[in-house]
Amino acid sequence: MYLILAAIAPVIIFLYFIYRNDTHKEPFKLLIKCLLGGLVAVILTLTFNIPITQFKYLFNFPLGNEFFDAFFSAAIPEELSKFIALYLVVRKSRDFDQHYDGIVYAVFVSLGFAAIENIMYVLQGGMNVAAVRAVLTIPGHGFFGVLMGYYFSLAHFHKGSGSWLYWLKAILYPVIFHGIYDFILFVLGYTID
């Protein structure tokens, strides 16, 4: 039980700070839907990973495995899954009425995802893993969520034909930063993204 608490405590703390900074509080029910969307994104990520892993042999060169794992096994399927969950949960919500709302919703989806991922890693690796992930991984997922939410909001509120570029950035920038983050960890020999 203490391992599960150690896994979710940093998620709750991060969510509290994001929620606290929202001047016009979002409905609790919608925030719970965002968290649950993050949980569903875990399943979607696993589904995306099944066909992707068949192409790992193409990256049989120095640092190729680390690059493949960072971008194709982690960053792309995870961030795409989180984006899909975010889109499905909040895109047509009447409560999505301020730019900061996109950040709040995206962070809740990202940290719903991170909570499940964190529980799995911490139950397997113990308190040392919990400590490292509390300092690196949870804030990382939160940061990726902020990036996604920022551009998601810009796309949501954009009037005109250029909104597709913001939608693209809402996926692309989190993927790039997540991939670089994981690649550095994998090259250094860490397996906990």
# chains A, B, ... in the order shown; residues from 1 in each chain; ligands from 1
>>> select_by_dssp(residues="chain A", states="helix (DSSP H, G or I)", output="PyMOL selection string")
chain A and resi 2-20+28-59+64-90+99-125+127-135+137-157+163-187
>>> atom_distance(atom1="CA of Asn128 (chain A)", atom2="CA of Leu3 (chain A)")
10.3 Å
>>> closest_residue(among="A:His99, A:Ile138, A:Leu36, A:Val132", to="Ala9 (chain A)", atoms="only C-alpha atoms")
A:Ile138
>>> residues_around(residues="region 114-125 of chain A", least_positions_apart="2", cutoff="12 Å", atoms="only C-alpha atoms", output="PyMOL selection string")
chain A and resi 1-15+35-43+45-46+74+78-79+82+107-112+127-145+191-193
>>> residues_around(residues="Ile52 (chain A)", least_positions_apart="5", cutoff="12 Å", atoms="only C-alpha atoms", output="compact mmCIF listing (two decimals) with C-alpha atoms, in the first residue's frame")
# COMPACT_ATOMS: atom_id res chain seq x y z
CA THR A 45 -0.63 3.24 -25.93
CA LEU A 46 -0.24 -0.48 -25.39
CA THR A 47 -2.43 -1.08 -28.46
CA TYR A 57 15.02 -4.27 -36.21
CA LEU A 58 15.34 -1.26 -38.55
CA PHE A 68 13.53 3.63 -31.15
CA ASP A 69 12.53 3.01 -27.54
CA PHE A 71 10.46 7.92 -29.68
CA PHE A 72 8.58 4.96 -31.17
CA SER A 73 7.91 2.85 -28.06
CA ALA A 74 7.30 5.73 -25.66
CA ILE A 76 4.87 8.92 -30.03
CA PRO A 77 2.30 6.36 -28.80
>>> atom_distance(atom1="CA of Tyr173 (chain A)", atom2="CA of Phe152 (chain A)")
11.2 Å
